[in-house]
Amino acid sequence: GGGRQPYDVINIVGGMQKPLVDNKLITPLDVSRLKNWQNNEYIASYFKPGSKGFDFIGYEGKVYGVPTVLQGDSFAYLPEKTGGELNSYGALFDPKFRGYVAIEDNYTTAGQKAALYLKSAGLAEIKDPADMSKQEIAKVVDFLIQKKKEGQFRVIWSSFEQAVNLLVNQEVYVMDCWEPMVFAAKAKGVNAVYAVPKEGYLLWAMAAYLVAGNRSPERLEASYQLLEYMLSPEYGAMITNLRGY
C-alpha cells in the first residue's frame, strides 16, 4: 500500500515470502554482503536451505529475509493458584480452571497451541500443527468454540497490557501468552511462570526484507548496513533488553 517509496527495509513476522515475492514487493538478499551472516551459528544451524527454519526467510531456494528475533511461545500460569507446575497446553482446556483461563485473540497462536495439544493427546488426527489442512483447522476451531461455550475462557485478550493485567490482578490462573508478559508481571511482584510444555513450543521468527524498487547504490548499501547491524551482538543485546530477558 504505497510502502515501496517511503521504506527500504521492513521487519515483520517471517514466513511471508510467498505473497511478498508473488506481488514483487521484496527482492532476494545477497548474503555475501553480510559478514555477520557467515558467522551466525543460529542461521547455520536452523535456517539452512531444506530446513524448517528456511521457510521463515526463503522462498523457492532464494533467501529474502534476515532473521531478527527468534522465540518459542507457550503459556503462563500462577503456581499458587494451579496447585503447582503445569507442563501441558491441556491446562488451557482443563475444566479444573474453567473461568480462569485466557487465550489470545489470534488463531496463529491459540489455534496452533490447541492443535499441538489435540495431536499429542490423541484427541484429533492432525499431521502437522504448523501446516494444517482445512479439515484439520475445522477440528481445532470446533474444539475451541465448544470450550468457549462451556465457559472455559474468562476472556480472549487482544493487547499486551490487557494480558499482563490479567496475570497481575490474578483474574486468570492459566493464560496463552508471550514470554515478555511473564517478565512484565514478575516486575509487578506476581509469581508468574512460563511453562515448558511437553507438546513443544510454538516457534516463530521475525525477518527483515529489502523492499523492491529503484534504489541508489548508496541507499542499497545503507540497507545492507542496517541488516548487518541486525545480525550483530549489539542488536541482539538491545532486543534482549527490550523484551525483558
# chains A, B, ... in the order shown; residues from 1 in each chain; ligands from 1
>>> residues_around(residues="segment 163-179 of chain A", least_positions_apart="5", cutoff="7 Å", atoms="only C-alpha atoms", output="PDB file with all heavy atoms, in the first residue's frame")
ATOM      1  N   ASP A  73       6.924 -19.814  21.869  1.00  0.00           N
ATOM      2  CA  ASP A  73       5.805 -19.425  22.744  1.00  0.00           C
ATOM      3  C   ASP A  73       5.182 -20.643  23.417  1.00  0.00           C
ATOM      4  O   ASP A  73       5.110 -21.734  22.836  1.00  0.00           O
ATOM      5  CB  ASP A  73       4.725 -18.707  21.931  1.00  0.00           C
ATOM      6  CG  ASP A  73       5.132 -17.284  21.568  1.00  0.00           C
ATOM      7  OD1 ASP A  73       6.111 -16.787  22.138  1.00  0.00           O
ATOM      8  OD2 ASP A  73       4.461 -16.689  20.709  1.00  0.00           O
ATOM      9  N   SER A  74       4.674 -20.432  24.639  1.00  0.00           N
ATOM     10  CA  SER A  74       3.900 -21.477  25.310  1.00  0.00           C
ATOM     11  C   SER A  74       2.744 -20.819  26.064  1.00  0.00           C
ATOM     12  O   SER A  74       1.913 -20.178  25.454  1.00  0.00           O
ATOM     13  CB  SER A  74       4.783 -22.317  26.240  1.00  0.00           C
ATOM     14  OG  SER A  74       5.300 -21.569  27.328  1.00  0.00           O
ATOM     15  N   PHE A  75       2.725 -20.928  27.398  1.00  0.00           N
ATOM     16  CA  PHE A  75       1.655 -20.294  28.168  1.00  0.00           C
ATOM     17  C   PHE A  75       2.167 -19.973  29.562  1.00  0.00           C
ATOM     18  O   PHE A  75       3.195 -20.492  30.013  1.00  0.00           O
ATOM     19  CB  PHE A  75       0.411 -21.188  28.242  1.00  0.00           C
ATOM     20  CG  PHE A  75       0.621 -22.473  29.001  1.00  0.00           C
ATOM     21  CD1 PHE A  75       0.303 -22.574  30.361  1.00  0.00           C
ATOM     22  CD2 PHE A  75       1.134 -23.609  28.375  1.00  0.00           C
ATOM     23  CE1 PHE A  75       0.492 -23.752  31.064  1.00  0.00           C
ATOM     24  CE2 PHE A  75       1.320 -24.805  29.070  1.00  0.00           C
ATOM     25  CZ  PHE A  75       1.002 -24.883  30.417  1.00  0.00           C
ATOM     26  N   ALA A  76       1.442 -19.092  30.248  1.00  0.00           N
ATOM     27  CA  ALA A  76       1.826 -18.688  31.595  1.00  0.00           C
ATOM     28  C   ALA A  76       0.839 -19.266  32.606  1.00  0.00           C
ATOM     29  O   ALA A  76      -0.318 -19.555  32.271  1.00  0.00           O
ATOM     30  CB  ALA A  76       1.847 -17.166  31.707  1.00  0.00           C
ATOM     31  N   TYR A  77       1.306 -19.396  33.846  1.00  0.00           N
ATOM     32  CA  TYR A  77       0.403 -19.833  34.912  1.00  0.00           C
ATOM     33  C   TYR A  77       0.886 -19.298  36.252  1.00  0.00           C
ATOM     34  O   TYR A  77       2.044 -18.886  36.415  1.00  0.00           O
ATOM     35  CB  TYR A  77       0.299 -21.355  34.942  1.00  0.00           C
ATOM     36  CG  TYR A  77       1.567 -22.091  35.288  1.00  0.00           C
ATOM     37  CD1 TYR A  77       1.843 -22.481  36.596  1.00  0.00           C
ATOM     38  CD2 TYR A  77       2.499 -22.429  34.305  1.00  0.00           C
ATOM     39  CE1 TYR A  77       3.005 -23.181  36.926  1.00  0.00           C
ATOM     40  CE2 TYR A  77       3.659 -23.114  34.610  1.00  0.00           C
ATOM     41  CZ  TYR A  77       3.902 -23.492  35.925  1.00  0.00           C
ATOM     42  OH  TYR A  77       5.055 -24.167  36.237  1.00  0.00           O
ATOM     43  N   LEU A  78      -0.030 -19.288  37.209  1.00  0.00           N
ATOM     44  CA  LEU A  78       0.256 -18.848  38.574  1.00  0.00           C
ATOM     45  C   LEU A  78       0.283 -20.083  39.466  1.00  0.00           C
ATOM     46  O   LEU A  78      -0.782 -20.627  39.806  1.00  0.00           O
ATOM     47  CB  LEU A  78      -0.818 -17.865  39.059  1.00  0.00           C
ATOM     48  CG  LEU A  78      -1.051 -16.639  38.178  1.00  0.00           C
ATOM     49  CD1 LEU A  78      -2.184 -15.783  38.750  1.00  0.00           C
ATOM     50  CD2 LEU A  78       0.226 -15.819  38.022  1.00  0.00           C
ATOM     51  N   LYS A  81      -2.028 -20.688  42.387  1.00  0.00           N
ATOM     52  CA  LYS A  81      -3.437 -20.895  42.068  1.00  0.00           C
ATOM     53  C   LYS A  81      -3.696 -22.235  41.383  1.00  0.00           C
ATOM     54  O   LYS A  81      -4.797 -22.784  41.479  1.00  0.00           O
ATOM     55  CB  LYS A  81      -3.936 -19.765  41.159  1.00  0.00           C
ATOM     56  CG  LYS A  81      -3.866 -18.369  41.793  1.00  0.00           C
ATOM     57  CD  LYS A  81      -4.828 -18.251  42.961  1.00  0.00           C
ATOM     58  CE  LYS A  81      -4.882 -16.831  43.496  1.00  0.00           C
ATOM     59  NZ  LYS A  81      -5.838 -16.690  44.631  1.00  0.00           N
ATOM     60  N   THR A  82      -2.703 -22.748  40.676  1.00  0.00           N
ATOM     61  CA  THR A  82      -2.899 -24.003  39.935  1.00  0.00           C
ATOM     62  C   THR A  82      -2.514 -25.227  40.760  1.00  0.00           C
ATOM     63  O   THR A  82      -2.736 -26.362  40.335  1.00  0.00           O
ATOM     64  CB  THR A  82      -2.066 -24.004  38.639  1.00  0.00           C
ATOM     65  OG1 THR A  82      -0.667 -23.878  38.971  1.00  0.00           O
ATOM     66  CG2 THR A  82      -2.485 -22.861  37.735  1.00  0.00           C
ATOM     67  N   LEU A  92      -4.891 -25.249  29.491  1.00  0.00           N
ATOM     68  CA  LEU A  92      -5.763 -24.204  28.952  1.00  0.00           C
ATOM     69  C   LEU A  92      -7.199 -24.680  28.796  1.00  0.00           C
ATOM     70  O   LEU A  92      -8.129 -23.868  28.754  1.00  0.00           O
ATOM     71  CB  LEU A  92      -5.235 -23.736  27.590  1.00  0.00           C
ATOM     72  CG  LEU A  92      -3.880 -23.025  27.571  1.00  0.00           C
ATOM     73  CD1 LEU A  92      -3.352 -22.924  26.140  1.00  0.00           C
ATOM     74  CD2 LEU A  92      -4.000 -21.632  28.192  1.00  0.00           C
ATOM     75  N   TYR A 100     -11.078 -19.336  34.536  1.00  0.00           N
ATOM     76  CA  TYR A 100      -9.833 -18.686  34.948  1.00  0.00           C
ATOM     77  C   TYR A 100      -8.731 -18.903  33.916  1.00  0.00           C
ATOM     78  O   TYR A 100      -7.557 -19.021  34.254  1.00  0.00           O
ATOM     79  CB  TYR A 100      -9.387 -19.204  36.323  1.00  0.00           C
ATOM     80  CG  TYR A 100     -10.326 -18.789  37.427  1.00  0.00           C
ATOM     81  CD1 TYR A 100     -11.365 -19.619  37.833  1.00  0.00           C
ATOM     82  CD2 TYR A 100     -10.202 -17.542  38.031  1.00  0.00           C
ATOM     83  CE1 TYR A 100     -12.252 -19.224  38.828  1.00  0.00           C
ATOM     84  CE2 TYR A 100     -11.075 -17.139  39.031  1.00  0.00           C
ATOM     85  CZ  TYR A 100     -12.094 -17.989  39.419  1.00  0.00           C
ATOM     86  OH  TYR A 100     -12.968 -17.582  40.405  1.00  0.00           O
ATOM     87  N   VAL A 101      -9.157 -18.972  32.668  1.00  0.00           N
ATOM     88  CA  VAL A 101      -8.241 -19.170  31.546  1.00  0.00           C
ATOM     89  C   VAL A 101      -8.457 -18.051  30.531  1.00  0.00           C
ATOM     90  O   VAL A 101      -9.582 -17.614  30.307  1.00  0.00           O
ATOM     91  CB  VAL A 101      -8.470 -20.542  30.861  1.00  0.00           C
ATOM     92  CG1 VAL A 101      -7.582 -20.680  29.627  1.00  0.00           C
ATOM     93  CG2 VAL A 101      -8.228 -21.682  31.836  1.00  0.00           C
ATOM     94  N   ALA A 102      -7.376 -17.587  29.924  1.00  0.00           N
ATOM     95  CA  ALA A 102      -7.479 -16.610  28.840  1.00  0.00           C
ATOM     96  C   ALA A 102      -6.628 -17.082  27.670  1.00  0.00           C
ATOM     97  O   ALA A 102      -5.558 -17.664  27.867  1.00  0.00           O
ATOM     98  CB  ALA A 102      -7.014 -15.234  29.302  1.00  0.00           C
ATOM     99  N   ILE A 103      -7.117 -16.848  26.470  1.00  0.00           N
ATOM    100  CA  ILE A 103      -6.349 -17.161  25.272  1.00  0.00           C
ATOM    101  C   ILE A 103      -6.263 -15.906  24.420  1.00  0.00           C
ATOM    102  O   ILE A 103      -7.049 -14.966  24.582  1.00  0.00           O
ATOM    103  CB  ILE A 103      -6.958 -18.323  24.454  1.00  0.00           C
ATOM    104  CG1 ILE A 103      -8.375 -17.976  23.991  1.00  0.00           C
ATOM    105  CG2 ILE A 103      -6.939 -19.606  25.255  1.00  0.00           C
ATOM    106  CD1 ILE A 103      -8.970 -19.019  23.052  1.00  0.00           C
ATOM    107  N   GLU A 104      -5.281 -15.908  23.509  1.00  0.00           N
ATOM    108  CA  GLU A 104      -5.075 -14.733  22.654  1.00  0.00           C
ATOM    109  C   GLU A 104      -6.085 -14.683  21.527  1.00  0.00           C
ATOM    110  O   GLU A 104      -6.486 -15.715  20.975  1.00  0.00           O
ATOM    111  CB  GLU A 104      -3.658 -14.732  22.077  1.00  0.00           C
ATOM    112  CG  GLU A 104      -3.353 -13.504  21.239  1.00  0.00           C
ATOM    113  CD  GLU A 104      -1.959 -13.511  20.640  1.00  0.00           C
ATOM    114  OE1 GLU A 104      -1.204 -14.469  20.871  1.00  0.00           O
ATOM    115  OE2 GLU A 104      -1.626 -12.541  19.931  1.00  0.00           O
ATOM    116  N   ALA A 110      -3.206 -19.172  19.589  1.00  0.00           N
ATOM    117  CA  ALA A 110      -4.138 -20.009  20.344  1.00  0.00           C
ATOM    118  C   ALA A 110      -4.547 -21.248  19.555  1.00  0.00           C
ATOM    119  O   ALA A 110      -4.628 -22.355  20.107  1.00  0.00           O
ATOM    120  CB  ALA A 110      -5.377 -19.195  20.720  1.00  0.00           C
ATOM    121  N   TRP A 157      -7.969 -12.246  25.173  1.00  0.00           N
ATOM    122  CA  TRP A 157      -7.261 -10.973  25.252  1.00  0.00           C
ATOM    123  C   TRP A 157      -6.743 -10.527  23.884  1.00  0.00           C
ATOM    124  O   TRP A 157      -6.492 -11.347  23.009  1.00  0.00           O
ATOM    125  CB  TRP A 157      -6.122 -11.032  26.277  1.00  0.00           C
ATOM    126  CG  TRP A 157      -5.021 -12.011  25.991  1.00  0.00           C
ATOM    127  CD1 TRP A 157      -4.895 -13.278  26.478  1.00  0.00           C
ATOM    128  CD2 TRP A 157      -3.865 -11.795  25.174  1.00  0.00           C
ATOM    129  NE1 TRP A 157      -3.755 -13.870  26.006  1.00  0.00           N
ATOM    130  CE2 TRP A 157      -3.094 -12.981  25.206  1.00  0.00           C
ATOM    131  CE3 TRP A 157      -3.402 -10.709  24.422  1.00  0.00           C
ATOM    132  CZ2 TRP A 157      -1.886 -13.113  24.513  1.00  0.00           C
ATOM    133  CZ3 TRP A 157      -2.200 -10.847  23.720  1.00  0.00           C
ATOM    134  CH2 TRP A 157      -1.465 -12.033  23.781  1.00  0.00           C
ATOM    135  N   ALA A 184       6.916  -8.990  32.551  1.00  0.00           N
ATOM    136  CA  ALA A 184       6.224  -7.768  32.962  1.00  0.00           C
ATOM    137  C   ALA A 184       5.424  -8.012  34.240  1.00  0.00           C
ATOM    138  O   ALA A 184       5.379  -7.150  35.130  1.00  0.00           O
ATOM    139  CB  ALA A 184       5.310  -7.278  31.847  1.00  0.00           C
ATOM    140  N   ALA A 185       4.793  -9.175  34.345  1.00  0.00           N
ATOM    141  CA  ALA A 185       4.029  -9.497  35.554  1.00  0.00           C
ATOM    142  C   ALA A 185       4.950  -9.690  36.749  1.00  0.00           C
ATOM    143  O   ALA A 185       4.658  -9.246  37.864  1.00  0.00           O
ATOM    144  CB  ALA A 185       3.193 -10.758  35.314  1.00  0.00           C
ATOM    145  N   VAL A 190       4.308 -10.352  40.785  1.00  0.00           N
ATOM    146  CA  VAL A 190       3.477 -11.552  40.636  1.00  0.00           C
ATOM    147  C   VAL A 190       4.351 -12.748  40.289  1.00  0.00           C
ATOM    148  O   VAL A 190       5.209 -12.675  39.402  1.00  0.00           O
ATOM    149  CB  VAL A 190       2.414 -11.340  39.545  1.00  0.00           C
ATOM    150  CG1 VAL A 190       1.624 -12.622  39.319  1.00  0.00           C
ATOM    151  CG2 VAL A 190       1.488 -10.206  39.931  1.00  0.00           C
ATOM    152  N   TYR A 194       6.480 -19.165  33.106  1.00  0.00           N
ATOM    153  CA  TYR A 194       6.282 -19.504  31.693  1.00  0.00           C
ATOM    154  C   TYR A 194       6.526 -20.993  31.538  1.00  0.00           C
ATOM    155  O   TYR A 194       7.602 -21.508  31.863  1.00  0.00           O
ATOM    156  CB  TYR A 194       7.240 -18.694  30.814  1.00  0.00           C
ATOM    157  CG  TYR A 194       6.747 -18.527  29.394  1.00  0.00           C
ATOM    158  CD1 TYR A 194       5.509 -17.945  29.141  1.00  0.00           C
ATOM    159  CD2 TYR A 194       7.515 -18.924  28.314  1.00  0.00           C
ATOM    160  CE1 TYR A 194       5.053 -17.768  27.850  1.00  0.00           C
ATOM    161  CE2 TYR A 194       7.062 -18.749  27.017  1.00  0.00           C
ATOM    162  CZ  TYR A 194       5.823 -18.169  26.788  1.00  0.00           C
ATOM    163  OH  TYR A 194       5.363 -18.003  25.504  1.00  0.00           O
TER     164      TYR A 194
END
>>> closest_residue(among="A:Leu144, A:Ala212, A:Leu220, A:Ala124", to="Ile156 of chain A", atoms="only C-alpha atoms")
A:Leu144
>>> closest_residue(among="A:Lys18, A:Ala205, A:Thr27, A:Glu234", to="Tyr42 of chain A", atoms="only C-alpha atoms")
A:Ala205
>>> select_by_dssp(residues="segment 80-243 of chain A", states="alpha helix (DSSP H)", output="NGL selection string")
:A and (80-82 or 112-120 or 134-149 or 160-168 or 179-187 or 217-230 or 233-243)
>>> closest_residue(among="A:Pro49, A:Gly65, A:Pro79, A:Gly14", to="Ala195 of chain A", atoms="only C-alpha atoms")
A:Pro79
>>> atom_distance(atom1="atom CA of Val9 of chain A", atom2="atom CA of Asp131 of chain A")
27.8 Å
>>> atom_distance(atom1="atom CA of Asp30 of chain A", atom2="atom CA of Tyr224 of chain A")
9.0 Å
>>> residues_around(residues="segment 146-148 of chain A", least_positions_apart="2", cutoff="10 Å", atoms="only C-alpha atoms", output="CSV table (one decimal) with C-alpha atoms, in the first residue's frame")
chain,number,residue,atom,x,y,z
A,92,LEU,CA,-5.8,-24.2,29.0
A,93,PHE,CA,-8.7,-26.6,28.5
A,94,ASP,CA,-8.8,-28.3,31.8
A,95,PRO,CA,-12.3,-28.0,33.4
A,98,ARG,CA,-12.8,-23.2,33.9
A,99,GLY,CA,-13.4,-19.4,34.0
A,140,VAL,CA,-9.4,-27.1,16.1
A,141,VAL,CA,-12.0,-24.4,15.5
A,142,ASP,CA,-14.8,-26.6,16.6
A,143,PHE,CA,-12.9,-27.6,19.7
A,144,LEU,CA,-12.2,-24.0,20.7
A,150,GLU,CA,-18.6,-24.3,28.2
A,151,GLY,CA,-17.3,-21.1,29.8
A,152,GLN,CA,-13.6,-22.3,29.8
A,153,PHE,CA,-12.3,-18.9,28.9
A,154,ARG,CA,-12.7,-15.8,31.1
A,155,VAL,CA,-11.6,-13.6,28.3
A,156,ILE,CA,-10.0,-13.6,24.9
>>> atom_distance(atom1="atom CA of Gly122 of chain A", atom2="atom CA of Val196 of chain A")
19.7 Å
>>> closest_residue(among="A:Leu202, A:Ala208, A:Met16, A:Ala44", to="Thr109 of chain A", atoms="only C-alpha atoms")
A:Leu202
>>> residues_around(residues="Tyr89 of chain A", least_positions_apart="2", cutoff="7 Å", atoms="only C-alpha atoms", output="list of chain:residue names")
A:Ala91, A:Leu92, A:Lys113, A:Tyr117, A:Pro197
>>> select_by_dssp(residues="segment 6-40 of chain A", states="strand (DSSP E)", output="NGL selection string")
:A and (9-13 or 26-27)
>>> write_last_selection(atoms="N, CA and C atoms", output="mmCIF file, in the first residue's frame")
data_model
loop_
_atom_site.group_PDB
_atom_site.id
_atom_site.type_symbol
_atom_site.label_atom_id
_atom_site.label_comp_id
_atom_site.auth_asym_id
_atom_site.auth_seq_id
_atom_site.Cartn_x
_atom_site.Cartn_y
_atom_site.Cartn_z
ATOM 1 N N VAL A 9 13.491 -1.028 4.055
ATOM 2 C CA VAL A 9 13.534 -2.297 4.771
ATOM 3 C C VAL A 9 12.271 -2.424 5.616
ATOM 4 N N ILE A 10 11.670 -3.605 5.621
ATOM 5 C CA ILE A 10 10.546 -3.878 6.521
ATOM 6 C C ILE A 10 10.929 -5.064 7.403
ATOM 7 N N ASN A 11 10.481 -5.043 8.648
ATOM 8 C CA ASN A 11 10.779 -6.110 9.600
ATOM 9 C C ASN A 11 9.464 -6.625 10.159
ATOM 10 N N ILE A 12 9.034 -7.799 9.681
ATOM 11 C CA ILE A 12 7.728 -8.347 10.052
ATOM 12 C C ILE A 12 7.890 -9.831 10.374
ATOM 13 N N VAL A 13 6.785 -10.475 10.718
ATOM 14 C CA VAL A 13 6.825 -11.902 11.025
ATOM 15 C C VAL A 13 7.334 -12.676 9.813
ATOM 16 N N ILE A 26 9.343 -7.517 -2.559
ATOM 17 C CA ILE A 26 10.665 -7.638 -1.941
ATOM 18 C C ILE A 26 11.640 -8.247 -2.939
ATOM 19 N N THR A 27 12.933 -8.095 -2.647
ATOM 20 C CA THR A 27 13.966 -8.619 -3.531
ATOM 21 C C THR A 27 14.849 -9.611 -2.789
#
>>> residues_around(residues="segment 50-55 of chain A", least_positions_apart="5", cutoff="9 Å", atoms="only C-alpha atoms", output="PyMOL selection string")
chain A and resi 14-17+43+45+61+63+204-205
>>> write_last_selection(atoms="C-alpha atoms", output="short mmCIF file (atom, residue, chain, number, x, y, z; two decimals), in the first residue's frame")
data_model
loop_
_atom_site.label_atom_id
_atom_site.label_comp_id
_atom_site.auth_asym_id
_atom_site.auth_seq_id
_atom_site.Cartn_x
_atom_site.Cartn_y
_atom_site.Cartn_z
CA GLY A 14 8.87 -14.34 8.95
CA GLY A 15 7.26 -16.74 6.52
CA MET A 16 5.62 -14.01 4.44
CA GLN A 17 7.90 -14.53 1.44
CA ILE A 43 21.43 -19.29 10.79
CA SER A 45 22.02 -24.49 12.33
CA GLY A 61 15.54 -21.67 -2.88
CA VAL A 63 16.99 -16.03 0.65
CA TRP A 204 8.38 -18.28 15.22
CA ALA A 205 10.79 -15.71 13.87
#
>>> closest_residue(among="A:Glu41, A:Glu199, A:Glu60, A:Glu85", to="Ser120 of chain A", atoms="only C-alpha atoms")
A:Glu199
